[in-house]
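Quick notes on the structure that follows.
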Amino acid sequence: MTRLKNRRGTTPLLALVLVAALGGAAFAQRQLKASAGGGRPEIKVELQGSVERGGAHIPLDRVEHVKPGEVLDWRIVSSNDGAGEARDYKAVGRIPAGTTLVAGSAAGEHGSTVTYSVDGGKTFSTQPLVEQRQPDGTVKKVPAPVSMYTEVRYEWSDALAAGGKLSASYKVRVK
């Protein structure tokens, strides 16, 4: 069984937001620029988690332990409470140690692009590749299995407007 600790976090403008749950389940990052009118964005990020049990979704703050095989649903909600738009906004969800991403579960709203990392967030790709030694001794790049994924990133082509909200989600299975 894995013991859960659930915390919420928000940060001021132009900072890296770290929302920790399960030893760092998700964080959001952004590069914010003031809009033409001079208003500044102010982003609030909330991580919501639940565990699927008996056909119901139980919030993680009400769960003391998770069991191998259980599925955790993560939802990252970003709100712009400032007066300006947030351009180049990205949200990144960590795949916690002891869990594996559920293939095909990552989804973001409003036309987001989803990419993945297998190197702790240094690089992202829609299909991460890893090197695999072939029987003849050569090395070939092959698609990484989802068990190697460490982060999932959401990027939106449109700015996060003042007063706007964006949501992204993904699922992980406890090992």
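Chain identifiers are assigned as A, B, and so on, following the order in which chains appear in the structure tokens; residues are numbered from 1 within each chain, and ligands are numbered from 1 in order of appearance.
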
Could you list, with a cut-off of 12 Å and counting only C-alpha atoms, the residues of range 89-142 of chain A near range 47-50 of chain A, each shown with its nearest atom pair and the distance in Å rounded to one decimal, rows sorted by chain and ascending number, as a Markdown table?
| residue | atom | partner | partner_atom | distance |
| --- | --- | --- | --- | --- |
| A:Ala91 | CA | A:Leu47 | CA | 10.8 |
| A:Val92 | CA | A:Leu47 | CA | 10.9 |
| A:Gly93 | CA | A:Leu47 | CA | 9.2 |
| A:Arg94 | CA | A:Leu47 | CA | 11.1 |

When you look at Thr126 in chain A with a cut-off of 10 Å (counting only C-alpha atoms), what residues show up, excluding the ones that are within fewer than 4 positions of it in the same chain? I need them as a PDB file with N, CA, C and O atoms, in the first residue's frame.
ATOM      1  N   THR A 113      -2.355  20.340 -27.052  1.00  0.00           N
ATOM      2  CA  THR A 113      -1.452  19.333 -27.595  1.00  0.00           C
ATOM      3  C   THR A 113      -0.845  18.608 -26.412  1.00  0.00           C
ATOM      4  O   THR A 113      -0.384  19.237 -25.462  1.00  0.00           O
ATOM      5  N   VAL A 114      -0.843  17.283 -26.451  1.00  0.00           N
ATOM      6  CA  VAL A 114      -0.310  16.474 -25.364  1.00  0.00           C
ATOM      7  C   VAL A 114       0.998  15.842 -25.823  1.00  0.00           C
ATOM      8  O   VAL A 114       1.059  15.234 -26.898  1.00  0.00           O
ATOM      9  N   THR A 115       2.047  16.011 -25.003  1.00  0.00           N
ATOM     10  CA  THR A 115       3.341  15.383 -25.259  1.00  0.00           C
ATOM     11  C   THR A 115       3.807  14.701 -23.983  1.00  0.00           C
ATOM     12  O   THR A 115       3.300  14.981 -22.896  1.00  0.00           O
ATOM     13  N   TYR A 116       4.799  13.824 -24.131  1.00  0.00           N
ATOM     14  CA  TYR A 116       5.252  13.007 -23.015  1.00  0.00           C
ATOM     15  C   TYR A 116       6.768  13.078 -22.885  1.00  0.00           C
ATOM     16  O   TYR A 116       7.470  13.314 -23.861  1.00  0.00           O
ATOM     17  N   SER A 117       7.251  12.808 -21.667  1.00  0.00           N
ATOM     18  CA  SER A 117       8.679  12.765 -21.401  1.00  0.00           C
ATOM     19  C   SER A 117       9.044  11.425 -20.787  1.00  0.00           C
ATOM     20  O   SER A 117       8.267  10.856 -20.020  1.00  0.00           O
ATOM     21  N   VAL A 152       3.634  14.166 -18.367  1.00  0.00           N
ATOM     22  CA  VAL A 152       2.743  14.440 -19.489  1.00  0.00           C
ATOM     23  C   VAL A 152       2.549  15.960 -19.518  1.00  0.00           C
ATOM     24  O   VAL A 152       2.320  16.575 -18.486  1.00  0.00           O
ATOM     25  N   ARG A 153       2.720  16.573 -20.703  1.00  0.00           N
ATOM     26  CA  ARG A 153       2.628  18.041 -20.820  1.00  0.00           C
ATOM     27  C   ARG A 153       1.492  18.417 -21.757  1.00  0.00           C
ATOM     28  O   ARG A 153       1.281  17.800 -22.793  1.00  0.00           O
TER      29      ARG A 153
END

Members of range 91-174 of chain A assigned strand (DSSP E) by DSSP, as a ChimeraX atom specification: /A:91-94,99-101,107-108,112-117,129-133,139-143,151-156,165-174

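Considering only C-alpha atoms, the residue among A:Met148, A:Val71, A:Ala107, A:Val142 positioned nearest to Gly55 in chain A is A:Val71.
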
A:Ser167, A:Gln134, A:Thr150, A:Asn80 ranked by distance to His110 in chain A, top pick (using only C-alpha atoms):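 Of all the options, A:Ser167 lies closest to His110 in chain A.
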
Counting only C-alpha atoms, which of A:Glu52, A:Asp81, A:Asp158, A:Glu70 gets nearest to Thr100 in chain A?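 Closest residue, counting only C-alpha atoms: A:Glu70.
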
Need to verify the contact set: Pro41 in chain A, 7 Å, only C-alpha atoms, exclusion of same-chain residues closer than 4 positions in sequence. Can you return it as a list in words?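 Counting only C-alpha atoms, the residues come to Leu13, Asn80, Asp81, Gly82, Ala83, Gly84, Glu85, Ala86 and Ala162 of chain A.
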
For the selection just defined, write its residues with N, CA, C and O atoms to a file, as a CSV table (one decimal), in the first residue's frame.
chain,number,residue,atom,x,y,z
A,13,LEU,N,2.7,35.4,-10.1
A,13,LEU,CA,3.0,35.5,-11.5
A,13,LEU,C,4.5,35.2,-11.8
A,13,LEU,O,5.4,35.5,-11.0
A,80,ASN,N,-6.9,31.8,-14.6
A,80,ASN,CA,-6.3,33.1,-14.7
A,80,ASN,C,-7.1,34.2,-14.0
A,80,ASN,O,-8.1,34.6,-14.5
A,81,ASP,N,-6.7,34.5,-12.8
A,81,ASP,CA,-7.4,35.5,-12.0
A,81,ASP,C,-6.9,36.9,-12.2
A,81,ASP,O,-7.3,37.8,-11.5
A,82,GLY,N,-5.9,37.1,-13.1
A,82,GLY,CA,-5.3,38.4,-13.3
A,82,GLY,C,-6.1,39.2,-14.4
A,82,GLY,O,-7.1,38.8,-14.9
A,83,ALA,N,-5.5,40.3,-14.8
A,83,ALA,CA,-6.1,41.2,-15.7
A,83,ALA,C,-5.6,41.0,-17.1
A,83,ALA,O,-6.2,41.6,-18.1
A,84,GLY,N,-4.6,40.3,-17.3
A,84,GLY,CA,-4.0,40.1,-18.7
A,84,GLY,C,-4.0,38.6,-19.0
A,84,GLY,O,-4.1,37.7,-18.2
A,85,GLU,N,-3.8,38.3,-20.3
A,85,GLU,CA,-3.8,36.9,-20.8
A,85,GLU,C,-2.5,36.3,-20.5
A,85,GLU,O,-1.5,37.0,-20.5
A,86,ALA,N,-2.5,35.0,-20.4
A,86,ALA,CA,-1.2,34.2,-20.2
A,86,ALA,C,-0.9,33.5,-21.5
A,86,ALA,O,-1.7,32.6,-21.9
A,162,ALA,N,-7.8,36.4,-19.4
A,162,ALA,CA,-8.1,36.9,-18.0
A,162,ALA,C,-9.5,36.4,-17.7
A,162,ALA,O,-10.5,36.4,-18.5

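With only C-alpha atoms as the atoms that count, the residue of A:Arg173, A:Arg40, A:Lys90, A:Arg53 with the shortest distance to Trp74 in chain A is A:Arg173.
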
Could you list, as number ranges by chain, every residue within 6 Å of Leu72 in chain A, counting only C-alpha atoms and ignoring same-chain residues fewer than 6 positions away? A: 50-51, 171-172

Pick out the closest residue to Val174 in chain A from this set: A:Ser147, A:Thr123, A:Ser112, A:Ser78. Count only C-alpha atoms. A:Ser147

For Ala168 in chain A, which residue among A:Pro68, A:Pro59, A:Pro143, A:Gly108 is the nearest when counting only C-alpha atoms? A:Gly108

Got a sec: who's within 10 Å of Gly111 in chain A, counting only C-alpha atoms, leaving out chain neighbours fewer than 6 positions off, as a count of residues only? 5
